[in-house]
Amino acid sequence: MIDEEKIINFISNTLKENNFSGTVLGVSGGIDSAVVLGLLVKTIDKTKIKCYILPERDSSPESVRDAKLVCDHFGVDYEVKNITSILKALGIYKYFPPAKLIPWKIRAKYAKEKWKKYERITNPYEMDVFGTDDSEFLKGLSYYRAKHRVRMVYLYKEAEARNYAVVGTTNRTEFLTGLYVKWGDDSTDIEPIMHLFKTEIYELAKQLEVPEKIIKKPASPDLIPGLTDEEALGLNYYDIDRILKKIINNIDLSDEDQEKVKIVKELYNLGKMRNSVRNLNLHNNE
């Protein structure tokens, strides 16, 4: 059983120590933000929690509905702010053909086929972390990363106008495998679930009585329409977490499927690479 009281105390103490008056949270419709919201409502008064749902042109309509479901479930007020116009002003949508009149399912199928095209040649997630000379792939990186960064700018705009803390939703599996956007979803004032593996997030979600629909839906990194975390990483979270824990704790891996071990080791090394680059940049700016 996950010690939710310890996390609640951590959130409460962090807010007090830094003199924050409340919290701002971006709610995506996924399990991580739902769990964080469940923790927040147990920590501070609901009137001190501002939730924002920030869809854009390529967002799944279901994600918006799920985000509203989570906010309603926990009885927290929320606002839906579409960031399409901001991204359009940045020129982000010029990278790819207009999609306004194309049904979302068709867009998702098209985007996933492009991802699979790269999978047949190399590891697209490795290209994401290490970089590439492929101009088409680079346009895709700029395309999706801009969305994360615009959302974070918006959350900080709202938070700083109220002296609120921006609360993050990154878990330990995402951090260790590098499944985050630098200066996007990694840039927050407090990270209450970064010590928990993804499989532990599912356990905590049940404790907090997160809606069953949210617990059962496939996790998505919001990289491209329709792509799930497990498709991007190449394995399910139960395999990833089990093997990751053994790697971190130097436990023998001979009883594991060696192909899966190879994949997780690659993910772990990619995560270390992304984290070391981020930390190096931070140190160089000190």
# chains A, B, ... in the order shown; residues from 1 in each chain; ligands from 1
>>> residues_around(residues="Lys88 of chain A", least_positions_apart="5", cutoff="12 Å", atoms="only C-alpha atoms", output="PDB file with C-alpha atoms, in the first residue's frame")
ATOM      1  CA  GLU A  56      -5.154  22.112 -28.875  1.00  0.00           C
ATOM      2  CA  ARG A  57      -5.928  21.194 -32.456  1.00  0.00           C
ATOM      3  CA  ASN A  82      -7.670  26.012 -25.929  1.00  0.00           C
ATOM      4  CA  ILE A  83      -4.051  26.818 -26.826  1.00  0.00           C
ATOM      5  CA  TYR A  93       0.855  23.966 -37.421  1.00  0.00           C
ATOM      6  CA  LYS A  94       2.693  25.007 -40.597  1.00  0.00           C
ATOM      7  CA  TYR A  95       4.937  21.977 -40.104  1.00  0.00           C
ATOM      8  CA  PHE A  96       2.174  19.592 -41.147  1.00  0.00           C
ATOM      9  CA  PRO A  98      -4.115  21.352 -42.122  1.00  0.00           C
ATOM     10  CA  TYR A 143       5.857  20.265 -33.099  1.00  0.00           C
ATOM     11  CA  ALA A 146       6.144  23.288 -28.238  1.00  0.00           C
ATOM     12  CA  LYS A 147       2.762  22.113 -26.960  1.00  0.00           C
ATOM     13  CA  VAL A 150       3.166  26.494 -24.089  1.00  0.00           C
TER      14      VAL A 150
END
>>> residues_around(residues="Ile11 of chain A", least_positions_apart="5", cutoff="9 Å", atoms="only C-alpha atoms", output="ChimeraX atom specification")
/A:6,16,39-40,43,190-192
>>> write_last_selection(atoms="C-alpha atoms", output="compact mmCIF listing (two decimals), in the first residue's frame")
# COMPACT_ATOMS: atom_id res chain seq x y z
CA LYS A 6 3.59 10.96 3.56
CA LYS A 16 4.15 26.37 3.65
CA LEU A 39 -3.70 14.09 -3.40
CA LEU A 40 -4.22 17.86 -3.60
CA THR A 43 -4.04 18.41 1.31
CA ILE A 190 6.70 20.67 -6.76
CA GLU A 191 6.71 17.03 -7.96
CA PRO A 192 4.65 14.93 -5.51
>>> closest_residue(among="A:Leu37, A:Leu244, A:Leu138, A:Ala219", to="Phe175 of chain A", atoms="only C-alpha atoms")
A:Leu244
>>> atom_distance(atom1="atom CA of Ala161 of chain A", atom2="atom CA of Asp45 of chain A")
18.5 Å
>>> residues_around(residues="segment 200-203 of chain A", least_positions_apart="5", cutoff="8 Å", atoms="only C-alpha atoms", output="list in words")
Met1, Ile2, Ile31, Asp32, Val35, Asn171, Ile193 and Ile215 of chain A
>>> closest_residue(among="A:Glu231, A:Glu174, A:Glu209, A:Asp58", to="Leu87 of chain A", atoms="only C-alpha atoms")
A:Asp58
>>> closest_residue(among="A:Arg145, A:Lys272, A:Lys48, A:His195", to="Ile92 of chain A", atoms="only C-alpha atoms")
A:Arg145
>>> closest_residue(among="A:Met273, A:Ile263, A:Met152, A:Val70", to="Gly29 of chain A", atoms="only C-alpha atoms")
A:Val70
